[in-house]
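Presented below is the structure to which this report refers.
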Amino acid sequence: MESNYETIRKAENKDFDTLYALGEATPEFSVSSTGEFMELAEFMSALGDKDSVIYIAESRGKLAGFIYGKVEENPGNKKWGCIVYIVVVPEFRKKGIAQMLYDACVKELKVRGMTYLYSWANNEGDGSIIQFYKKQGFAEGH
């Protein structure tokens with residue numbers, strides 16, 4: 001998918017180190033303000049997991065952000081989609097990249113049978129991730 005200078009593509013194993021470093025360097029979008037971005041092994045396994053969706057945004061040849069979502073089957077054969085993590089490099093924020101990543105991820109989760117969607121967000125940050133999710137129709141709560 002392309003829009004002007006932005007490209008959205010599926011992540012590959014070769015992207016792992018760069019994506020993990022970006023996740024660690026962006027604490028304002030982590031699920032917890034006290035924990036690390038994500039355990040190394042968990043993130044590494046997500047790249048090869050059939051239920052995971054990881055897309056990368058590139059802008060003018062530079063990494064602009066990524067999104068990690070996954071489908072989980074729950075009792076009653078309902079498939080829940082979870083947006084595990086979304087991050088946009090500060091210099092690329094407010095340019096629609098998060099929306100492009102979100103739209104691509106949700107579209108793929110629906111293809112995989114998702115019927116419900118949820119996410120986790122850190123409410124201790126600057127509030128931008130909470131506002132982004134509210135714009136998508138999410139409600140705050142547990």
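To be explicit about the labels: the chains of the structure tokens are called A, B, and onward in the order shown, and within each one the residues are counted from 1, while ligands get numbers from 1 in the order they are shown.
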Which residues are close to range 79-82 of chain A, i.e. within 6 Å by only C-alpha atoms, leaving aside same-chain residues fewer than 4 positions away? Reply as a VMD selection string.
chain A and resid 69 to 73 114 to 119
Write out, as a tab-separated table, each residue of range 68-127 of chain A that has an atom at most 10 Å from range 54-61 of chain A, together with the closest pair of atoms and their distance in Å to one decimal, counting only C-alpha atoms, rows going by chain and rising number.
residue	atom	partner	partner_atom	distance
A:Tyr68	CA	A:Ile54	CA	4.4
A:Gly69	CA	A:Ile54	CA	6.4
A:Lys70	CA	A:Ile54	CA	8.5
A:Ile83	CA	A:Ile54	CA	9.9
A:Val84	CA	A:Ile54	CA	9.8
A:Tyr85	CA	A:Ile54	CA	9.4
A:Ile86	CA	A:Tyr55	CA	9.6
A:Val87	CA	A:Ile56	CA	9.7
A:Val88	CA	A:Ala57	CA	8.4
A:Val89	CA	A:Ala57	CA	9.8
A:Phe92	CA	A:Ser59	CA	8.1
A:Ile97	CA	A:Ala57	CA	7.0
A:Ala98	CA	A:Ala57	CA	8.6
A:Met100	CA	A:Ala57	CA	8.2
A:Leu101	CA	A:Tyr55	CA	6.7
A:Tyr102	CA	A:Tyr55	CA	9.0
A:Ala104	CA	A:Tyr55	CA	7.7
A:Cys105	CA	A:Tyr55	CA	7.0
A:Glu108	CA	A:Ile54	CA	9.9
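Proximity ranking of A:Ala46, A:Leu22, A:Ile130, A:Ala11 relative to Ala64 in chain A places A:Leu22 first, based on only C-alpha atoms.
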Which of these residues is nearest to Phe66 in chain A, using only C-alpha atoms: A:Trp120, A:Phe138, A:Tyr20, A:Tyr133?
A:Tyr20
Secondary structure check, strand (DSSP E) residues of chain A, as a VMD selection string:
chain A and resid 2 to 3 6 to 10 52 to 59 62 to 74 78 to 88 116 to 119
Going by DSSP on the backbone, which residues of chain A come out as helix (DSSP H, G or I)? List them as a ChimeraX atom specification.
/A:13-24,27-29,40-48,75-77,90-92,97-111,128-135
Using only C-alpha atoms, find the one residue out of A:Lys94, A:Ala25, A:Phe16, A:Lys107 that sits nearest to Ala41 in chain A.
A:Phe16
Atom-to-atom span, CA of Leu40 in chain A and CA of Ser52 in chain A, Å
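Straight-line distance from CA of Leu40 in chain A to CA of Ser52 in chain A works out to 15.5 Å.
Nearest residue to Leu109 in chain A among A:Lys50, A:Arg93, A:Lys62, A:Lys134 is A:Lys50, counting only C-alpha atoms.
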Can you tell me, as a list in words, what residues are no more than 9 Å from Asn13 in chain A when counting only C-alpha atoms, ignoring any on the same chain fewer than 3 positions away?
Phe16, Asp17, Met44, Leu47 and Gly48 of chain A
What's the separation between CA of Val106 in chain A and CA of Val53 in chain A, in Å to one decimal place?
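It comes out at 9.2 Å.
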